[in-house]
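Visitor: Just passing along the structure, written as structure tokens.
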Amino acid sequence: MSDSDEDMPLAIRKRQPASTNPSTDDENIENSGSDSDIPLGKRKRPAVRRKVIDDDDDDDASSGSDKATRPAAKRRSYKEESDDSDNSSYGSRSTPKKSNRSTSSLSDGKDDSSDSDVPLAAKKKPVPKPKTNGTPTTNGTTNGSSRVKAAPKYKEESSSDSDTPLAAKSKKPAAKKPTAKVTKVKSEPDTSSSRKPKAAEKSKEKSKGSSSKKRVKDEPEEPARPKKVKKEEEEEDLNAWWLNQDKNEDEDDTVKWTTLQHNGVYFPPEYVPHGVKMKYEGKPITLEPEVEEVASFFAALLYTEHAENPTFQENFFRDFSKLAKRFKTVPAITSFSKCDFTPMYEYFQVEKEKKKNMSKEQKQALKDEKLALDELYGVCYLDGRKEKVGNYRIEPPGLFRGRGKHPKTGCLKLRVQPEQVTLNLSKDAVVPKAPAGHKWAKIVHDDTKTWLATWKENVNDSTKYVFLAAGSSLKGQSDFKKFETARALKKEVAGIRRGYMADLKDKKMFIRQRATAMYLIDRLALRAGNEKGEDEADTVGCCSLRYEHVTLEKPNIMHLDFLGKDSIRFQKSMEVDEQVFKNIRLFKREPAQEGDELFDRLKTAELNKHLQMLMKGLTAKVFRTYNASFTFQDQLQKLTPKDGTTAEKLLAYNRANREVAVLCNHQRAVSKGHAVQMDKITDKIRALKYQKMKLKRTILTLEPKLKKKRPELLEPESDLEDDWIDEHEVQLMLKERERVRLKWEKDNQKRKENKEKPLSEKDLKEMLKEVDVREKELAKERKSGNVPGAKGATVEKCEAQLLKLDERIAATRTAMVDKEENKQTALGTSKINYIDPRISAAWCQKYDVPLEKIFTKTLRDKFKWAMTVDPAWEF
DNA sequence: ATTTCTACTTAGAAAATGGCTG
DNA sequence: CAGCCATTTTCTAAGTAGAAAT
């Protein structure tokens, strides 16, 4: 790899903020001997220097106290690891604090191995071409907004629409000019060369921005909105930030907007009591609406996993009974087991049914209502441009549905009052009215934040926000930035890998742990693993892995088994680097025990700080993004059949996608119909085997001599039991009769049309008799084992058919495996969050696959910034 | 230095929709 | 043309990571 020589070293040293580390430039990694060669990261460390492993703790005594649950992080002291040659220095108490630095020999860090270290799942080599291909757009997240100096003031609307301040406002802000231009650009073959000039032009315009904005401001109010469609497009073009980026890297990106106005948030409607009585001790009881509401929350979940979960029940009931008490419900509700919510449940079922059967007009009315809300709350104006708002609905009250073993699952999530909600908008924007009789908690004007509204939720005391929609420019820009950082990592990764491979043997435990963690994060796409609190589900990521999550097996196999984000199980086994294996064994050594952290002196913050100095913008999560996108591109390239049909190409696409989903451990609950569907497929395979069996018999019937020569023909097919065959043959005959009858009906129909005389029932019976005959034959065949086969059957023909059957069985099997695996693999998450959409866009162009086969409407919207890449673009 | 808070991305479940078929 | 299943969208929980507070 050419890059290994050149790029590699860069990775390590390049990053340095010039200020911090002057001397770092030496080239030779191999010369590790001299101090100066040590990669920056290391050099820097001394400042922060954590104690050398041995001297810092003697905590061992305490370690025993840890509860089986999550103990507070503890430090352990490490004994010498005897078999590890170079770590002799480790355990010994006297490690010299300062000197250690020199030791880390990069040289012995087997550089060779590091190259070969491909991301686990994807054993791909880095694509050779560093091709940054012209796309000039790449880095500069230009923040157009900050440039526009004059904050356009939006004029107040006439009082009449004051409650919908935004509506109909600044409809066509700035501009025809840019619109026209951009449109043109679009139609052009979008080559980098053509783009460049345009960008320049545009940015010029930007500086004039204020004047055009002004126009907006003065624009007479529009009459009622004429309804979009056309409009939409224009507006979108205006928002096409990706077309006019210039590479101004130092643009201040802390400021997110210059002006921001919106209509606030939508509160869920007040509770409307239904009056259905739940039962307590078998008797219907009357509840105040407030109490009834909460009972209904639970009733609606009856028979779901949540409602069956004891923790959920307990938490729900605590809150519920407390509320009932407050409202002096009689009789007092003191026992969950005496509650019977089924009447409510049934009522809801009926309601659901009713809803389904609503007339078209009713349904349409509902839709219109939604649309109206969308129009009011679903949009805002950011720097004068119309943007979609994401979750403008305040979360309705309900029961908290924590995932996994969340201690608080089932707790009552209270209704949010306007008094709890803070809005963020321009100083000069119209402050949306709070609901009648209410006021907002606060109004702020923080242009460094992207949220429009925020409030605190009562169950976990966490903060909720209203943000712009995924398709907005703000989100798009940060998405773009995310992938650019991942691409930057691509260039640096070889060096970074070499660096941590070398650090695996560092003397300082902390550094070893850090390197080992980096290895896992890079190779296994683990998450960082921040620390979690007591009142959250017990899940872990890399840095929070505990003793019991990792087991080692002889030569170099590591088994990981733990619950990750959302309590999704991560269970994989893989071969790991020898030194990693040793390190983990060391970390697991006494006095470590169940409950102890594997990386007992590593915190995500420290890890990220280190990463940050290896490469600007690098954090643990970037590895996931990088490995996902890289793997995807690599797989896609390998799997796509150049001359395949669209369907085949799509299959390849989905396979590549799945590869990534597996890498990232993205799972979903198995659908409830899954088992049934699998059974069907299994049956299909059995049916094929049955045919095989029959064919073999036919061969033997035709050529009995073969019994000796080819005994395998006599062997029964696997998984084909007599009982099954019985049933199968019954079914076959049933189907056959059905078929005959259908044919008869059809023929009759035809005859009727042709005015011929219809076939009689008798004819039908005649035809069915043939089936009876066949049935008898089958029975006979089973007894004797002699299967004459179809007329004209020959051994050769049968053999050929056998082969075909084998193929079909194999194909069905793969389909089954495919389905099985896909059943619990969620492709969406990686597509939405990890795979650079430009890879997909380029692929679609290159292979002539329509974009919409790959991205849904929302995804196309979200990724619109990526849709115009050059077909040759590479991640 | 450590802990807590804040803001934003990532995540699977659930609800809604759509396309198909019996 | 309802019913069914797969796909898409919505919802909000659960992460990450940097900043602020202690």
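Residues in the structure tokens are named by chain (A, B, ... in the order shown) and by number from 1 within that chain; ligands are numbered from 1 in the order shown.
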If we count only C-alpha atoms (C1' of nucleotides) and set the cut-off at 9 Å, which residues sit around DC5 in chain B, ignoring sequence neighbours fewer than 4 positions away in its own chain? Please answer as number ranges by chain.

Guide: C: 19-21

Visitor: Step one, run DSSP on the backbone; step two, keep only residues of range 413-461 of chain A assigned to strand (DSSP E or B); then write them as a short mmCIF file (atom, residue, chain, number, x, y, z; two decimals) with N, CA and C atoms, in the first residue's frame.

Guide:
```cif
data_model
loop_
_atom_site.label_atom_id
_atom_site.label_comp_id
_atom_site.auth_asym_id
_atom_site.auth_seq_id
_atom_site.Cartn_x
_atom_site.Cartn_y
_atom_site.Cartn_z
N LYS A 413 -45.25 8.90 33.12
CA LYS A 413 -44.65 10.07 32.50
C LYS A 413 -45.73 11.15 32.44
N THR A 422 -39.28 25.70 27.31
CA THR A 422 -38.52 26.88 26.92
C THR A 422 -38.39 26.91 25.41
N LEU A 423 -38.57 28.09 24.85
CA LEU A 423 -38.42 28.22 23.41
C LEU A 423 -37.14 28.96 23.06
N ASN A 424 -36.59 28.60 21.94
CA ASN A 424 -35.39 29.27 21.45
C ASN A 424 -35.69 29.86 20.08
N LYS A 442 -39.68 29.90 29.51
CA LYS A 442 -38.67 30.89 29.21
C LYS A 442 -38.60 31.07 27.70
N ILE A 443 -38.11 32.19 27.31
CA ILE A 443 -37.82 32.40 25.90
C ILE A 443 -36.34 32.74 25.83
N VAL A 444 -35.60 32.00 25.04
CA VAL A 444 -34.18 32.31 24.91
C VAL A 444 -33.82 32.57 23.46
N ALA A 453 -37.13 24.15 20.99
CA ALA A 453 -37.84 24.09 22.26
C ALA A 453 -37.24 22.99 23.12
N THR A 454 -37.37 23.13 24.40
CA THR A 454 -36.83 22.11 25.29
C THR A 454 -37.67 22.02 26.56
N TRP A 455 -37.66 20.86 27.17
CA TRP A 455 -38.32 20.70 28.47
C TRP A 455 -37.70 19.51 29.18
N LYS A 456 -38.02 19.41 30.43
CA LYS A 456 -37.49 18.33 31.25
C LYS A 456 -38.56 17.30 31.45
#
```

Visitor: Extract, using only C-alpha atoms (C1' of nucleotides), all DNA, RNA and protein residues at most 12 Å from DT21 in chain B, discarding same-chain residues fewer than 6 positions from it, and format them as a list of chain:residue names.

Guide: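 The filter keeps C:DC1, C:DA2, C:DG3, C:DC4, C:DC5.
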
Visitor: Export, as a PDB file, in the first residue's frame, the selected residues with N, CA and C atoms (P, O5', C5', C4', C3', O3' and C1' of nucleotides).

Guide:
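And here's selection-v3.pdb as it stands now:
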```pdb
ATOM      1  P    DC C   1     -65.675  -3.184  -3.893  1.00  0.00           P
ATOM      2  O5'  DC C   1     -65.208  -3.426  -2.424  1.00  0.00           O
ATOM      3  C5'  DC C   1     -65.569  -4.386  -1.535  1.00  0.00           C
ATOM      4  C4'  DC C   1     -64.351  -4.628  -0.762  1.00  0.00           C
ATOM      5  C3'  DC C   1     -63.686  -3.392  -0.139  1.00  0.00           C
ATOM      6  O3'  DC C   1     -63.352  -3.747   1.183  1.00  0.00           O
ATOM      7  C1'  DC C   1     -62.093  -4.648  -1.254  1.00  0.00           C
ATOM      8  P    DA C   2     -63.552  -2.752   2.347  1.00  0.00           P
ATOM      9  O5'  DA C   2     -63.518  -3.777   3.580  1.00  0.00           O
ATOM     10  C5'  DA C   2     -64.253  -4.983   3.497  1.00  0.00           C
ATOM     11  C4'  DA C   2     -63.320  -6.154   3.719  1.00  0.00           C
ATOM     12  C3'  DA C   2     -62.440  -6.054   4.960  1.00  0.00           C
ATOM     13  O3'  DA C   2     -62.468  -7.311   5.605  1.00  0.00           O
ATOM     14  C1'  DA C   2     -61.067  -6.363   3.054  1.00  0.00           C
ATOM     15  P    DG C   3     -61.955  -7.467   7.048  1.00  0.00           P
ATOM     16  O5'  DG C   3     -60.613  -8.268   6.773  1.00  0.00           O
ATOM     17  C5'  DG C   3     -60.620  -9.422   5.942  1.00  0.00           C
ATOM     18  C4'  DG C   3     -59.188  -9.832   5.750  1.00  0.00           C
ATOM     19  C3'  DG C   3     -58.335  -9.639   6.996  1.00  0.00           C
ATOM     20  O3'  DG C   3     -57.593 -10.843   7.169  1.00  0.00           O
ATOM     21  C1'  DG C   3     -57.357  -8.498   5.151  1.00  0.00           C
ATOM     22  P    DC C   4     -56.450 -10.955   8.195  1.00  0.00           P
ATOM     23  O5'  DC C   4     -55.241 -10.718   7.197  1.00  0.00           O
ATOM     24  C5'  DC C   4     -55.025 -11.619   6.106  1.00  0.00           C
ATOM     25  C4'  DC C   4     -53.631 -11.356   5.573  1.00  0.00           C
ATOM     26  C3'  DC C   4     -52.585 -11.231   6.677  1.00  0.00           C
ATOM     27  O3'  DC C   4     -51.429 -11.946   6.291  1.00  0.00           O
ATOM     28  C1'  DC C   4     -52.587  -9.273   5.350  1.00  0.00           C
ATOM     29  P    DC C   5     -50.431 -12.439   7.366  1.00  0.00           P
ATOM     30  O5'  DC C   5     -49.094 -11.815   6.781  1.00  0.00           O
ATOM     31  C5'  DC C   5     -48.769 -12.033   5.402  1.00  0.00           C
ATOM     32  C4'  DC C   5     -47.980 -10.837   4.926  1.00  0.00           C
ATOM     33  C3'  DC C   5     -46.755 -10.534   5.799  1.00  0.00           C
ATOM     34  O3'  DC C   5     -45.651 -10.464   4.929  1.00  0.00           O
ATOM     35  C1'  DC C   5     -47.990  -8.569   5.367  1.00  0.00           C
TER      36       DC C   5
END
```

Visitor: For chain A, report every residue with an atom at most 8 Å from chain C (counting only C-alpha atoms (C1' of nucleotides)), formatted as a list in words.

Guide: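 Using only C-alpha atoms (C1' of nucleotides), chain A residues at most 8 Å from chain C: Arg401, Gly402, Arg403, Ala528, Asn530, Lys565, Asp566, Ala605, Lys621 and Thr856 of chain A.
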
Visitor: Store the residues picked out above in a file with N, CA, C and O atoms, as a short mmCIF file (atom, residue, chain, number, x, y, z; two decimals), in the first residue's frame.

Guide:
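File produced: result11.cif:
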```cif
data_model
loop_
_atom_site.label_atom_id
_atom_site.label_comp_id
_atom_site.auth_asym_id
_atom_site.auth_seq_id
_atom_site.Cartn_x
_atom_site.Cartn_y
_atom_site.Cartn_z
N ARG A 401 -41.59 3.67 28.75
CA ARG A 401 -41.26 2.35 28.23
C ARG A 401 -39.76 2.19 28.11
O ARG A 401 -39.21 2.30 27.01
N GLY A 402 -39.13 1.93 29.21
CA GLY A 402 -37.68 1.73 29.21
C GLY A 402 -37.36 0.39 28.57
O GLY A 402 -38.15 -0.54 28.64
N ARG A 403 -36.22 0.32 27.94
CA ARG A 403 -35.83 -0.93 27.28
C ARG A 403 -35.04 -1.80 28.23
O ARG A 403 -34.36 -1.32 29.12
N ALA A 528 -18.26 3.42 22.42
CA ALA A 528 -17.28 3.88 23.41
C ALA A 528 -17.54 3.29 24.78
O ALA A 528 -16.64 2.79 25.45
N ASN A 530 -19.69 4.80 27.65
CA ASN A 530 -19.67 5.74 28.78
C ASN A 530 -20.19 5.07 30.03
O ASN A 530 -20.89 4.07 29.97
N LYS A 565 -26.18 -1.03 23.76
CA LYS A 565 -27.23 -0.01 23.68
C LYS A 565 -28.59 -0.66 23.42
O LYS A 565 -28.70 -1.58 22.61
N ASP A 566 -29.59 -0.14 24.10
CA ASP A 566 -30.95 -0.65 23.98
C ASP A 566 -31.07 -2.09 24.46
O ASP A 566 -32.00 -2.80 24.10
N ALA A 605 -13.65 9.63 28.20
CA ALA A 605 -13.16 10.99 27.99
C ALA A 605 -11.66 10.98 27.68
O ALA A 605 -11.18 11.69 26.80
N LYS A 621 -16.69 7.13 18.23
CA LYS A 621 -17.77 6.79 17.32
C LYS A 621 -17.41 6.94 15.85
O LYS A 621 -18.04 6.33 14.99
N THR A 856 -35.86 5.64 0.45
CA THR A 856 -37.25 6.05 0.52
C THR A 856 -37.30 7.56 0.38
O THR A 856 -36.28 8.23 0.44
#
```

Visitor: Find, counting only C-alpha atoms (C1' of nucleotides), the residue in A:Met613, A:Ala470, A:Ala872, A:Val350 that gets nearest to chain B.

Guide: A:Ala470

Visitor: Pick out the chain A residues within 8 Å of chain B. Count only C-alpha atoms (C1' of nucleotides). Give them as a VMD selection string.

Guide: chain A and resid 449 565 to 566 667 to 668 829 833

Visitor: Those same residues - N, CA and C atoms - I'd like them written as a PDB file, in the first residue's frame.

Guide:
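Generated output (out.pdb):
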```
ATOM      1  N   LYS A 449     -27.298  27.144  19.525  1.00  0.00           N
ATOM      2  CA  LYS A 449     -28.017  25.886  19.696  1.00  0.00           C
ATOM      3  C   LYS A 449     -28.984  25.680  18.540  1.00  0.00           C
ATOM      4  N   LYS A 565     -26.183  -1.028  23.765  1.00  0.00           N
ATOM      5  CA  LYS A 565     -27.229  -0.012  23.675  1.00  0.00           C
ATOM      6  C   LYS A 565     -28.591  -0.657  23.422  1.00  0.00           C
ATOM      7  N   ASP A 566     -29.587  -0.140  24.104  1.00  0.00           N
ATOM      8  CA  ASP A 566     -30.947  -0.652  23.984  1.00  0.00           C
ATOM      9  C   ASP A 566     -31.066  -2.092  24.458  1.00  0.00           C
ATOM     10  N   GLN A 667     -29.863  -4.985  15.453  1.00  0.00           N
ATOM     11  CA  GLN A 667     -30.828  -6.062  15.477  1.00  0.00           C
ATOM     12  C   GLN A 667     -32.250  -5.569  15.633  1.00  0.00           C
ATOM     13  N   ARG A 668     -33.150  -6.431  15.345  1.00  0.00           N
ATOM     14  CA  ARG A 668     -34.552  -6.090  15.546  1.00  0.00           C
ATOM     15  C   ARG A 668     -35.259  -7.327  16.072  1.00  0.00           C
ATOM     16  N   THR A 829     -30.906   1.098  10.290  1.00  0.00           N
ATOM     17  CA  THR A 829     -30.067   1.954  11.114  1.00  0.00           C
ATOM     18  C   THR A 829     -28.732   2.289  10.462  1.00  0.00           C
ATOM     19  N   ASN A 833     -27.730   6.011   9.383  1.00  0.00           N
ATOM     20  CA  ASN A 833     -26.742   6.702  10.210  1.00  0.00           C
ATOM     21  C   ASN A 833     -25.269   6.446   9.908  1.00  0.00           C
TER      22      ASN A 833
END
```

Visitor: Measure the distance from CA of Ser473 in chain A to CA of Asp374 in chain A in Å and round it to one decimal.

Guide: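 Taking CA of Ser473 in chain A as the start and CA of Asp374 in chain A as the end point, the length is 18.3 Å.
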
Visitor: For the alpha helix (DSSP H) assignment from backbone DSSP, which residues of range 697-817 of chain A qualify? Please present them as a ChimeraX atom specification.

Guide: /A:697-702,706-709,722-753,761-784,795-817

Visitor: For the atom pair CA of Phe400 in chain A and CA of Phe570 in chain A, what is the interatomic distance in Å to one decimal place?

Guide: 24.8 Å

Visitor: Find the residues around range 661-663 of chain A up to 12 Å (only C-alpha atoms (C1' of nucleotides) counted), leave out those fewer than 6 positions away in its own chain, and share them as JSON, numbers by chain.

Guide: {"A": [119, 120, 121, 122, 123, 521, 522, 523, 524, 525, 526, 527, 570, 571, 572, 623, 624, 625, 626, 627, 628, 629, 630, 631, 632, 654, 655, 821, 822, 823, 824, 825, 826, 827, 828, 829, 830, 831, 832, 833, 834, 835]}

Visitor: Kindly export the residues of the current selection with C-alpha atoms, as an mmCIF file, in the first residue's frame.

Guide:
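New file again-v9.cif:
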```cif
data_model
loop_
_atom_site.group_PDB
_atom_site.id
_atom_site.type_symbol
_atom_site.label_atom_id
_atom_site.label_comp_id
_atom_site.auth_asym_id
_atom_site.auth_seq_id
_atom_site.Cartn_x
_atom_site.Cartn_y
_atom_site.Cartn_z
ATOM 1 C CA PRO A 119 -11.485 -4.448 10.323
ATOM 2 C CA LEU A 120 -12.715 -7.611 11.590
ATOM 3 C CA ALA A 121 -15.779 -8.218 9.741
ATOM 4 C CA ALA A 122 -14.537 -6.660 6.704
ATOM 5 C CA LYS A 123 -11.297 -7.962 5.737
ATOM 6 C CA ILE A 521 -13.489 -0.265 18.916
ATOM 7 C CA ASP A 522 -11.813 -0.345 15.560
ATOM 8 C CA ARG A 523 -12.031 -4.036 14.888
ATOM 9 C CA LEU A 524 -15.343 -4.886 16.418
ATOM 10 C CA ALA A 525 -17.123 -1.614 15.951
ATOM 11 C CA LEU A 526 -17.857 -1.386 19.644
ATOM 12 C CA ARG A 527 -19.313 1.778 21.057
ATOM 13 C CA PHE A 570 -23.685 -8.483 21.524
ATOM 14 C CA GLN A 571 -22.434 -11.976 21.235
ATOM 15 C CA LYS A 572 -19.530 -12.672 18.981
ATOM 16 C CA PHE A 623 -14.544 4.393 13.926
ATOM 17 C CA ARG A 624 -17.999 2.975 13.622
ATOM 18 C CA THR A 625 -18.895 5.398 10.909
ATOM 19 C CA TYR A 626 -15.653 4.843 9.109
ATOM 20 C CA ASN A 627 -15.695 1.066 9.278
ATOM 21 C CA ALA A 628 -19.329 0.938 8.289
ATOM 22 C CA SER A 629 -18.935 3.141 5.246
ATOM 23 C CA PHE A 630 -15.666 1.582 4.253
ATOM 24 C CA THR A 631 -17.009 -1.925 4.546
ATOM 25 C CA PHE A 632 -20.074 -0.985 2.613
ATOM 26 C CA ASN A 654 -28.721 -5.243 0.319
ATOM 27 C CA ARG A 655 -26.086 -7.816 1.045
ATOM 28 C CA GLU A 821 -30.445 -13.862 9.437
ATOM 29 C CA ASN A 822 -32.295 -10.924 8.066
ATOM 30 C CA LYS A 823 -35.113 -11.561 10.420
ATOM 31 C CA GLN A 824 -33.127 -10.229 13.278
ATOM 32 C CA THR A 825 -30.903 -7.864 11.400
ATOM 33 C CA ALA A 826 -32.098 -4.329 10.908
ATOM 34 C CA LEU A 827 -30.655 -2.746 7.809
ATOM 35 C CA GLY A 828 -32.216 0.620 8.366
ATOM 36 C CA THR A 829 -30.067 1.954 11.114
ATOM 37 C CA SER A 830 -26.850 1.584 9.220
ATOM 38 C CA LYS A 831 -28.367 2.991 6.093
ATOM 39 C CA ILE A 832 -29.656 5.992 7.944
ATOM 40 C CA ASN A 833 -26.742 6.702 10.210
ATOM 41 C CA TYR A 834 -23.546 4.983 9.175
ATOM 42 C CA ILE A 835 -23.243 4.564 5.471
#
```

Visitor: Kindly give the distance, in Å, that separates CA of Val576 in chain A and CA of Met501 in chain A, rounded to a single decimal.

Guide: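 Taking CA of Val576 in chain A as the start and CA of Met501 in chain A as the end point, the length is 11.9 Å.
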
Visitor: Write out as a list in words the residues lying within 8 Å of range 292-308 of chain A, counting only C-alpha atoms (C1' of nucleotides) and excluding same-chain residues fewer than 4 positions away.

Guide: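 Within the cut-off, the hits are Tyr271, Pro273, Gly275, Met278, Leu287, Glu288, Phe312, Gln313, Phe316, Phe320, Phe341, Thr342, Met344, Tyr345, Phe348, Gly398, Leu399, Arg401, Gly410 and Leu412 of chain A.
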